[in-house]
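Visitor: work20.csv (CSV, C-alpha atoms) pasted underneath:
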chain,number,residue,atom,x,y,z
A,281,MET,CA,-6.0,-40.8,6.1
A,282,MET,CA,-8.2,-38.3,4.4
A,283,ILE,CA,-10.8,-39.5,1.9
A,284,ARG,CA,-9.0,-37.8,-0.9
A,285,GLU,CA,-5.8,-39.7,0.0
A,286,MET,CA,-7.6,-43.0,0.0
A,287,THR,CA,-9.0,-42.3,-3.4
A,288,GLU,CA,-5.6,-41.3,-4.7
A,289,SER,CA,-4.1,-44.5,-3.3
A,290,ALA,CA,-6.8,-46.6,-4.8
A,291,GLU,CA,-6.0,-45.2,-8.3
A,292,TYR,CA,-2.6,-46.9,-8.1
A,293,GLN,CA,-4.4,-50.2,-7.5
A,294,THR,CA,-7.2,-50.0,-10.1
A,295,LEU,CA,-5.9,-47.8,-12.9
A,296,ARG,CA,-3.4,-48.9,-15.6
A,297,PRO,CA,0.2,-47.7,-15.3
A,298,ALA,CA,-0.2,-45.2,-18.2
A,299,ALA,CA,-3.2,-43.6,-16.5
A,300,GLN,CA,-2.9,-40.1,-15.2
A,301,LYS,CA,-2.9,-40.3,-11.4
A,302,SER,CA,-4.7,-37.5,-9.5
A,303,ASP,CA,-1.8,-36.9,-7.1
A,304,ALA,CA,0.7,-36.7,-10.0
A,305,THR,CA,-0.9,-33.6,-11.6
A,306,LEU,CA,1.5,-30.9,-12.8
A,307,GLY,CA,-0.7,-28.6,-10.7
A,308,ARG,CA,-2.4,-25.3,-11.0
A,309,LYS,CA,-1.2,-21.8,-12.0
A,310,ARG,CA,-2.0,-20.6,-8.5
A,311,LYS,CA,-1.3,-22.9,-5.5
A,312,GLU,CA,-4.3,-23.9,-3.4
A,313,GLU,CA,-4.9,-26.0,-0.3
A,314,LYS,CA,-6.0,-29.5,-1.3
A,315,CYS,CA,-9.5,-30.7,-0.5
A,316,SER,CA,-9.9,-33.3,2.1
A,317,ILE,CA,-12.6,-35.2,0.2
A,318,ARG,CA,-12.1,-34.6,-3.6
A,319,THR,CA,-9.1,-35.2,-5.8
A,320,GLU,CA,-7.8,-32.4,-7.9
A,321,TYR,CA,-9.6,-33.6,-11.0
A,322,GLN,CA,-12.9,-34.0,-9.1
A,323,ARG,CA,-12.6,-30.4,-8.0
A,324,ASP,CA,-12.0,-29.3,-11.6
A,325,ARG,CA,-15.1,-31.1,-12.7
A,326,ASP,CA,-17.2,-29.5,-10.1
A,327,ARG,CA,-15.8,-26.0,-10.9
A,328,ILE,CA,-16.8,-26.4,-14.5
A,329,ILE,CA,-20.3,-27.7,-13.8
A,330,HIS,CA,-20.9,-24.8,-11.4
A,331,SER,CA,-19.6,-22.1,-13.9
A,332,LYS,CA,-21.8,-19.6,-15.7
A,333,ALA,CA,-20.3,-20.6,-19.0
A,334,PHE,CA,-21.4,-24.2,-18.5
A,335,ARG,CA,-25.0,-23.1,-17.8
A,336,ARG,CA,-25.1,-20.9,-20.9
A,337,LEU,CA,-24.5,-24.0,-23.1
A,338,LYS,CA,-28.1,-25.0,-22.7
A,339,HIS,CA,-29.1,-22.0,-24.9
A,340,LYS,CA,-26.3,-22.4,-27.5
A,341,THR,CA,-27.0,-24.0,-30.8
A,342,GLN,CA,-25.3,-27.3,-31.8
A,343,VAL,CA,-26.0,-27.4,-35.6
A,344,PHE,CA,-29.6,-26.4,-36.3
A,345,LEU,CA,-30.4,-22.8,-35.6
A,346,SER,CA,-33.6,-22.0,-33.7
A,347,PRO,CA,-34.9,-25.5,-34.0
A,348,GLU,CA,-38.6,-26.2,-33.5
A,349,GLY,CA,-39.2,-29.0,-31.1
A,350,ASP,CA,-37.7,-30.1,-27.8
A,351,HIS,CA,-35.5,-33.0,-29.0
A,352,TYR,CA,-32.7,-31.3,-31.0
A,353,ARG,CA,-29.3,-31.1,-29.4
A,354,THR,CA,-27.9,-28.0,-27.8
A,355,ARG,CA,-24.3,-27.4,-27.0
A,356,LEU,CA,-25.1,-28.6,-23.4
A,357,THR,CA,-26.6,-31.9,-24.5
A,358,HIS,CA,-23.7,-32.4,-26.8
A,359,THR,CA,-21.3,-31.9,-23.9
A,360,LEU,CA,-23.1,-34.4,-21.8
A,361,GLU,CA,-23.1,-37.0,-24.6
A,362,VAL,CA,-19.3,-36.5,-25.1
A,363,SER,CA,-18.8,-36.9,-21.3
A,364,GLN,CA,-20.8,-40.1,-21.2
A,365,ILE,CA,-19.0,-41.6,-24.2
A,366,ALA,CA,-15.6,-40.5,-22.9
A,367,ARG,CA,-16.3,-42.0,-19.4
A,368,THR,CA,-17.3,-45.3,-20.9
A,369,ILE,CA,-14.1,-45.5,-22.8
A,370,ALA,CA,-11.9,-44.4,-19.9
A,371,ARG,CA,-13.5,-46.9,-17.5
A,372,ALA,CA,-13.0,-49.8,-19.9
A,373,LEU,CA,-9.4,-48.8,-20.5
A,374,ARG,CA,-8.8,-48.3,-16.7
A,375,LEU,CA,-7.9,-44.7,-17.2
A,376,ASN,CA,-8.7,-41.7,-14.9
A,377,GLU,CA,-12.4,-41.2,-15.3
A,378,ASP,CA,-12.5,-38.0,-13.2
A,379,LEU,CA,-9.9,-36.3,-15.4
A,380,THR,CA,-11.7,-37.5,-18.6
A,381,GLU,CA,-15.0,-36.2,-17.4
A,382,ALA,CA,-13.6,-32.8,-16.4
A,383,ILE,CA,-12.0,-32.3,-19.8
A,384,ALA,CA,-15.2,-33.4,-21.6
A,385,LEU,CA,-17.4,-31.1,-19.6
A,386,GLY,CA,-15.2,-28.1,-20.3
A,387,HIS,CA,-14.2,-28.8,-23.9
A,388,ASP,CA,-16.9,-26.5,-25.5
A,389,LEU,CA,-17.2,-23.7,-22.9
A,390,GLY,CA,-15.8,-21.2,-25.3
A,391,HIS,CA,-18.2,-22.0,-28.2
A,392,THR,CA,-20.1,-19.1,-29.7
A,393,PRO,CA,-23.8,-18.5,-30.2
A,394,PHE,CA,-25.2,-20.1,-33.4
A,395,GLY,CA,-22.8,-23.1,-33.3
A,396,HIS,CA,-20.0,-23.3,-35.8
A,397,THR,CA,-21.6,-20.5,-37.9
A,398,GLY,CA,-20.8,-18.1,-35.1
A,399,GLU,CA,-17.3,-19.5,-34.7
A,400,ALA,CA,-16.6,-19.1,-38.5
A,401,VAL,CA,-17.8,-15.5,-38.5
A,402,LEU,CA,-15.7,-14.4,-35.5
A,403,ASP,CA,-12.7,-16.1,-37.1
A,404,GLU,CA,-13.2,-14.1,-40.3
A,405,ILE,CA,-13.7,-10.7,-38.6
A,406,CYS,CA,-11.5,-10.8,-35.5
A,407,PRO,CA,-7.9,-9.6,-36.1
A,408,GLN,CA,-6.6,-12.3,-33.7
A,409,GLY,CA,-8.7,-15.0,-35.3
A,410,PHE,CA,-11.0,-17.3,-33.3
A,411,ARG,CA,-10.9,-21.0,-32.4
A,412,HIS,CA,-13.4,-22.3,-29.9
A,413,ASN,CA,-10.9,-24.6,-28.2
A,414,GLU,CA,-8.6,-21.7,-27.5
A,415,GLN,CA,-11.6,-19.7,-26.3
A,416,SER,CA,-12.7,-22.6,-24.0
A,417,LEU,CA,-9.2,-22.4,-22.4
A,418,ARG,CA,-9.5,-18.7,-22.1
A,419,VAL,CA,-12.9,-19.1,-20.4
A,420,VAL,CA,-11.4,-21.4,-17.7
A,421,ASP,CA,-8.2,-19.4,-17.4
A,422,VAL,CA,-9.5,-15.8,-17.5
A,423,LEU,CA,-13.2,-15.1,-18.0
A,424,GLU,CA,-14.8,-17.2,-15.2
A,425,ARG,CA,-14.7,-15.7,-11.7
A,426,SER,CA,-12.8,-12.7,-12.8
A,427,GLY,CA,-9.5,-14.6,-13.0
A,428,GLY,CA,-10.4,-18.0,-14.1
A,429,LEU,CA,-11.2,-21.3,-12.4
A,430,ASN,CA,-7.5,-22.2,-11.8
A,431,LEU,CA,-7.8,-25.7,-13.2
A,432,THR,CA,-5.1,-28.3,-13.3
A,433,PHE,CA,-2.6,-28.5,-16.2
A,434,GLU,CA,-4.1,-31.8,-17.4
A,435,VAL,CA,-7.6,-30.5,-17.7
A,436,ARG,CA,-6.6,-27.3,-19.4
A,437,ASP,CA,-4.4,-29.2,-21.8
A,438,GLY,CA,-7.2,-31.6,-22.7
A,439,ILE,CA,-9.6,-28.8,-23.3
A,440,LEU,CA,-7.2,-27.0,-25.7
A,441,CYS,CA,-6.2,-30.2,-27.5
A,442,HIS,CA,-9.7,-31.7,-28.0
A,443,THR,CA,-9.5,-30.4,-31.6
A,444,GLY,CA,-6.9,-28.8,-33.8
A,445,GLY,CA,-3.3,-30.0,-34.5
A,446,LYS,CA,-2.0,-30.5,-31.0
A,447,GLN,CA,-2.3,-33.9,-29.2
A,448,ALA,CA,-3.2,-33.9,-25.6
A,449,ALA,CA,-0.5,-34.8,-23.1
A,450,THR,CA,-2.7,-37.4,-21.4
A,451,LEU,CA,-4.5,-40.5,-22.6
A,452,GLU,CA,-7.6,-39.1,-21.0
A,453,GLY,CA,-7.4,-36.0,-23.1
A,454,ARG,CA,-7.0,-38.1,-26.2
A,455,ILE,CA,-10.1,-40.0,-25.3
A,456,VAL,CA,-12.2,-36.8,-25.3
A,457,ARG,CA,-10.9,-36.0,-28.8
A,458,PHE,CA,-12.4,-39.3,-30.1
A,459,ALA,CA,-15.5,-39.0,-28.0
A,460,ASP,CA,-16.3,-35.5,-29.4
A,461,LYS,CA,-16.3,-36.8,-33.0
A,462,ILE,CA,-18.2,-40.0,-32.1
A,463,ALA,CA,-20.9,-37.8,-30.4
A,464,TYR,CA,-21.3,-35.0,-32.9
A,465,ILE,CA,-21.3,-37.1,-36.0
A,466,ASN,CA,-24.0,-39.4,-34.7
A,467,HIS,CA,-26.2,-37.0,-32.9
A,468,ASP,CA,-26.1,-34.6,-35.8
A,469,ILE,CA,-27.3,-37.4,-38.1
A,470,ASP,CA,-30.1,-38.0,-35.6
A,471,ASP,CA,-31.1,-34.4,-35.7
A,472,ALA,CA,-30.8,-34.2,-39.5
A,473,LEU,CA,-33.1,-37.2,-39.8
A,474,ARG,CA,-35.6,-35.7,-37.3
A,475,GLY,CA,-35.6,-32.4,-39.2
A,476,GLY,CA,-36.1,-34.1,-42.5
A,477,VAL,CA,-32.8,-32.9,-43.9
A,478,LEU,CA,-31.7,-36.5,-44.4
A,479,THR,CA,-33.4,-39.9,-44.7
A,480,GLU,CA,-32.0,-43.2,-43.6
A,481,GLU,CA,-31.6,-44.1,-47.3
A,482,ASP,CA,-29.3,-41.1,-47.8
A,483,LEU,CA,-26.6,-42.4,-45.4
A,484,PRO,CA,-23.9,-44.1,-47.5
A,485,LYS,CA,-24.3,-47.8,-47.2
A,486,GLU,CA,-20.5,-48.4,-47.4
A,487,PHE,CA,-20.3,-46.6,-44.0
A,488,THR,CA,-23.4,-47.9,-42.3
A,489,ASP,CA,-22.5,-51.5,-43.2
A,490,VAL,CA,-19.4,-51.0,-41.0
A,491,LEU,CA,-20.9,-48.8,-38.3
A,492,GLY,CA,-24.5,-49.8,-38.1
A,493,THR,CA,-27.8,-48.5,-39.4
A,494,ARG,CA,-29.2,-47.3,-36.1
A,495,HIS,CA,-27.9,-44.5,-33.9
A,496,SER,CA,-27.2,-46.8,-30.9
A,497,GLN,CA,-25.4,-49.3,-33.1
A,498,ARG,CA,-23.1,-46.7,-34.5
A,499,ILE,CA,-22.2,-45.3,-31.1
A,500,ASP,CA,-21.6,-48.9,-29.8
A,501,THR,CA,-19.4,-49.8,-32.7
A,502,LEU,CA,-17.3,-46.7,-32.4
A,503,ILE,CA,-16.8,-47.0,-28.7
A,504,LYS,CA,-15.8,-50.6,-29.0
A,505,ALA,CA,-13.4,-49.8,-31.8
A,506,VAL,CA,-11.5,-47.3,-29.6
A,507,ILE,CA,-11.4,-49.7,-26.7
A,508,GLY,CA,-10.3,-52.6,-28.8
A,509,ALA,CA,-7.5,-50.7,-30.5
A,510,SER,CA,-6.3,-49.0,-27.3
A,511,ILE,CA,-6.5,-51.6,-24.6
A,512,GLU,CA,-3.0,-52.9,-25.1
A,513,GLN,CA,-1.4,-49.6,-26.2
A,514,ASP,CA,-0.1,-46.6,-24.4
A,515,ASP,CA,-2.1,-44.4,-26.8
A,516,ILE,CA,-5.7,-43.9,-27.8
A,517,LEU,CA,-6.5,-45.3,-31.2
A,518,MET,CA,-9.4,-46.6,-33.3
A,519,GLU,CA,-9.5,-49.7,-35.4
A,520,GLU,CA,-8.6,-48.7,-39.0
A,521,GLU,CA,-11.7,-49.9,-40.8
A,522,THR,CA,-14.0,-48.3,-38.3
A,523,TYR,CA,-12.1,-45.1,-38.3
A,524,ALA,CA,-12.2,-44.8,-42.1
A,525,ALA,CA,-16.0,-45.3,-42.0
A,526,MET,CA,-16.4,-42.7,-39.3
A,527,MET,CA,-14.4,-40.1,-41.2
A,528,GLY,CA,-16.3,-41.0,-44.4
A,529,LEU,CA,-19.5,-40.4,-42.6
A,530,ARG,CA,-18.1,-37.1,-41.2
A,531,ALA,CA,-17.2,-36.0,-44.8
A,532,PHE,CA,-20.7,-36.9,-45.9
A,533,MET,CA,-22.1,-34.7,-43.1
A,534,PHE,CA,-20.0,-31.8,-44.0
A,535,GLU,CA,-21.2,-32.0,-47.6
A,536,ARG,CA,-24.9,-32.6,-46.9
A,537,VAL,CA,-25.4,-30.7,-43.6
A,538,TYR,CA,-22.6,-28.7,-42.1
A,539,LEU,CA,-21.5,-26.7,-45.2
A,540,ASN,CA,-24.9,-26.8,-47.0
A,541,PRO,CA,-26.8,-23.6,-46.4
A,542,GLY,CA,-30.1,-25.2,-47.5
A,543,PRO,CA,-30.8,-27.3,-44.4
A,544,LYS,CA,-29.9,-24.4,-42.1
A,545,GLY,CA,-31.8,-21.6,-43.9
A,546,GLU,CA,-31.4,-19.1,-41.0
A,547,GLU,CA,-27.6,-19.3,-41.1
A,548,THR,CA,-27.3,-16.1,-43.2
A,549,LYS,CA,-29.3,-14.2,-40.6
A,550,ALA,CA,-27.1,-15.6,-37.8
A,551,ARG,CA,-24.0,-14.5,-39.6
A,552,GLY,CA,-25.4,-11.1,-40.0
A,553,ILE,CA,-26.2,-10.8,-36.3
A,554,ILE,CA,-22.7,-11.6,-35.3
A,555,ARG,CA,-21.1,-9.3,-37.8
A,556,ALA,CA,-23.4,-6.4,-36.9
A,557,LEU,CA,-22.8,-6.8,-33.2
A,558,TYR,CA,-19.1,-7.0,-33.6
A,559,GLN,CA,-19.0,-3.8,-35.8
A,560,LYS,CA,-21.4,-1.9,-33.6
A,561,LEU,CA,-19.6,-2.7,-30.3
A,562,THR,CA,-16.1,-2.1,-31.6
A,563,GLU,CA,-17.2,1.3,-33.0
A,564,ASN,CA,-19.0,2.1,-29.8
A,565,PRO,CA,-17.1,0.7,-26.9
A,566,ASP,CA,-19.4,2.5,-24.4
A,567,LEU,CA,-22.0,-0.1,-25.4
A,568,VAL,CA,-19.9,-2.9,-24.0
A,569,PRO,CA,-20.7,-3.5,-20.3
A,570,LYS,CA,-17.9,-2.1,-18.2
A,571,ALA,CA,-17.7,-5.3,-16.2
A,572,GLN,CA,-16.6,-7.1,-19.4
A,573,PHE,CA,-13.4,-5.2,-19.5
A,574,GLY,CA,-12.6,-6.4,-16.0
A,575,LEU,CA,-13.5,-10.0,-16.9
A,576,SER,CA,-11.4,-9.9,-20.1
A,577,GLY,CA,-8.4,-8.5,-18.2
A,578,THR,CA,-7.4,-6.3,-21.1
A,579,GLN,CA,-8.2,-2.9,-22.6
A,580,GLN,CA,-7.7,-4.3,-26.1
A,581,LEU,CA,-11.2,-3.6,-27.5
A,582,GLU,CA,-11.2,-6.3,-30.2
A,583,VAL,CA,-10.5,-9.0,-27.6
A,584,VAL,CA,-13.1,-7.6,-25.1
A,585,VAL,CA,-15.8,-7.6,-27.8
A,586,THR,CA,-14.9,-11.1,-29.0
A,587,ASP,CA,-15.1,-12.4,-25.4
A,588,TYR,CA,-18.4,-10.7,-24.9
A,589,ILE,CA,-20.0,-12.0,-28.2
A,590,ALA,CA,-18.5,-15.5,-27.8
A,591,GLY,CA,-20.0,-15.8,-24.3
A,592,MET,CA,-23.5,-14.9,-25.5
A,593,SER,CA,-26.3,-17.5,-25.8
A,594,ASP,CA,-28.2,-17.6,-29.1
A,595,ARG,CA,-31.2,-15.8,-27.5
A,596,TYR,CA,-29.1,-13.2,-25.8
A,597,ALA,CA,-27.3,-12.4,-29.1
A,598,VAL,CA,-30.7,-11.9,-30.8
A,599,ALA,CA,-32.0,-9.8,-27.9
A,600,LYS,CA,-28.9,-7.6,-28.0
A,601,PHE,CA,-29.2,-7.2,-31.8
A,602,ASN,CA,-32.8,-6.1,-31.3
A,603,GLU,CA,-31.8,-3.7,-28.6
A,604,LEU,CA,-29.1,-2.1,-30.7
A,605,PHE,CA,-30.7,-2.1,-34.2
A,606,VAL,CA,-34.5,-2.5,-34.0
A,607,PRO,CA,-36.7,0.4,-32.8
A,608,ALA,CA,-38.5,-0.4,-29.6
A,609,PHE,CA,-42.0,0.0,-31.1
A,610,TRP,CA,-41.2,-2.8,-33.6
A,611,GLN,CA,-40.0,-5.3,-31.1
Kindly return the structure encoded in the file as C-alpha cells.
Guide:
Amino acid sequence: MMIREMTESAEYQTLRPAAQKSDATLGRKRKEEKCSIRTEYQRDRDRIIHSKAFRRLKHKTQVFLSPEGDHYRTRLTHTLEVSQIARTIARALRLNEDLTEAIALGHDLGHTPFGHTGEAVLDEICPQGFRHNEQSLRVVDVLERSGGLNLTFEVRDGILCHTGGKQAATLEGRIVRFADKIAYINHDIDDALRGGVLTEEDLPKEFTDVLGTRHSQRIDTLIKAVIGASIEQDDILMEEETYAAMMGLRAFMFERVYLNPGPKGEETKARGIIRALYQKLTENPDLVPKAQFGLSGTQQLEVVVTDYIAGMSDRYAVAKFNELFVPAFWQ
C-alpha cells in the first residue's frame, strides 16, 4: 500500500464522519495522476505555498500602510495566523486538517496592494467590480502557472466562500471563515495598540469582559467558543454570547480603525496610486507587460489591468507609479 493510501485509510479511523475525506474529493478540473506520498489536499497546500502569489503576500499591507517597525502584520503573517487558528479548531473537532490548512493558506492570494483600501478602489473603478475572495479563486484557477494550480473542488470552494454570502460546502471551509475573523479582529487590535491608534482603555469593556483583556486571552476564548459550539454538530458555529462580543468588537474596529482615515493617514495617497495606475494602463495598453495578457487568458483590457494591479505588492505599485508618473531625476 502506498503512503498516500495509508494516510487516506487512517482518516476514516481518526476523523469524525462529517469530515471531508481526502479520497472523497470531487476532484480537479483537469485530471492528474495521484501522488504516491501526499493526499490531494496536501498537494494543494504545497502548490499554494510554492506559488508566486503566496510569496508576494509578505509585501502586501494588512491594515496599516507603510508601517514603521518590524512587528506590524502583513498579508502573509495574517494568512499564517489564520492557518494556525483554523488548524487548531480542525484538529480539536477531528476534521481534515490538511484541507483546512490549504484553504487558509490560499484564502487571501487575490488581495490587492494597500489592503482593503486597494480592494475598495478597484471595486469602485472596475466595470466588473472586485472582490478579493473571487480574485483569490481566479489566482489559483487562472493566473498562477499560466493556467492555474488545478486545485481540488473543496479547496477552491473554501477560498471563494471564506467571506461573502456563500457558505462553504465543507466544514473545513467554514472553519476558515471563522478563523479569518478571529485572526484579523485581534491582530488588528494588537497593531492599533502598537501604533498608538488605540489604548487598552478604548476597547469596550462589555466585549473585553466576555473575550478577555489580552490578545492571547481573546484568541483562546474565541477558538474554544467555536469548538464548544461545534463539537456535537455537523456545522461550524460559535457560542452566542462570544459571537455577539466578537461582532461588537468588529463593529468597534470598523468605526475606530478600518473606516477612520485618521489612523491611516496615507490611505488617500494609496487610493490615488491605484486609480492613477488603472487609468494610465487602460488608456495605454502597451504599458501592460505582454506576458500579463497570457496569464490573464483574455484580451479584455479591463480584466488584464485589474489582474496586473491586484497582483502587485505595495512596493511594486509605488515603484510602478514612480516609473509612470515621476520624472527620473526626481526619483
Visitor: Name all residues at most 9 Å from A:Val584 (count all atoms listed in the file; drop same-chain ones fewer than 5 positions away) and give them as a list in words.
Guide: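 Counting only the stated atoms, we get Val568, Gln572, Phe573, Leu575, Ser576, Gly577, Thr578, Gln579 and Ile589 of chain A.
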Visitor: With only C-alpha atoms counted, which protein, DNA or RNA residues have an atom no more than 12 Å from (-15.2, -12.4, -41.1) in the file frame? Please answer as a ChimeraX atom specification.
Guide: /A:397-410,551-552,554-556,558-559
Visitor: Put those residues in a file: C-alpha atoms, as a short mmCIF file (atom, residue, chain, number, x, y, z; two decimals), keeping the file's coordinate frame.
Guide:
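Ended up saving to out-v1.cif:
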data_model
loop_
_atom_site.label_atom_id
_atom_site.label_comp_id
_atom_site.auth_asym_id
_atom_site.auth_seq_id
_atom_site.Cartn_x
_atom_site.Cartn_y
_atom_site.Cartn_z
CA THR A 397 -21.60 -20.50 -37.90
CA GLY A 398 -20.80 -18.10 -35.10
CA GLU A 399 -17.30 -19.50 -34.70
CA ALA A 400 -16.60 -19.10 -38.50
CA VAL A 401 -17.80 -15.50 -38.50
CA LEU A 402 -15.70 -14.40 -35.50
CA ASP A 403 -12.70 -16.10 -37.10
CA GLU A 404 -13.20 -14.10 -40.30
CA ILE A 405 -13.70 -10.70 -38.60
CA CYS A 406 -11.50 -10.80 -35.50
CA PRO A 407 -7.90 -9.60 -36.10
CA GLN A 408 -6.60 -12.30 -33.70
CA GLY A 409 -8.70 -15.00 -35.30
CA PHE A 410 -11.00 -17.30 -33.30
CA ARG A 551 -24.00 -14.50 -39.60
CA GLY A 552 -25.40 -11.10 -40.00
CA ILE A 554 -22.70 -11.60 -35.30
CA ARG A 555 -21.10 -9.30 -37.80
CA ALA A 556 -23.40 -6.40 -36.90
CA TYR A 558 -19.10 -7.00 -33.60
CA GLN A 559 -19.00 -3.80 -35.80
#
Visitor: With distances taken over only C-alpha atoms, which residue among A:Ile516, A:Gly574, A:Val585, A:Lys332 lies nearest A:Gly427?
Guide: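 Of A:Ile516, A:Gly574, A:Val585, A:Lys332, the one nearest A:Gly427 is A:Gly574, counting only C-alpha atoms.
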Visitor: Rank nothing, just name the residue among A:Arg284, A:Arg327, A:Lys461, A:His391 nearest to A:Ser363, using all atoms listed in the file.
Guide: A:Lys461
Visitor: Restricting the calculation to all atoms listed in the file, which member of A:Leu440, A:Leu360, A:Ala472, A:Leu373 is positioned closest to A:Ile329?
Guide: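 Under the stated criterion, the closest residue is A:Leu360.
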Visitor: Between atom CA of A:Arg494 and atom CA of A:Glu535, measure the distance and give it in Å to one decimal.
Guide: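 Separating atom CA of A:Arg494 from atom CA of A:Glu535 is a distance of 20.7 Å.
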Visitor: In Å, rounded to a single decimal, give me how far atom CA of A:Lys340 is from atom CA of A:Pro393.
Guide: 5.4 Å
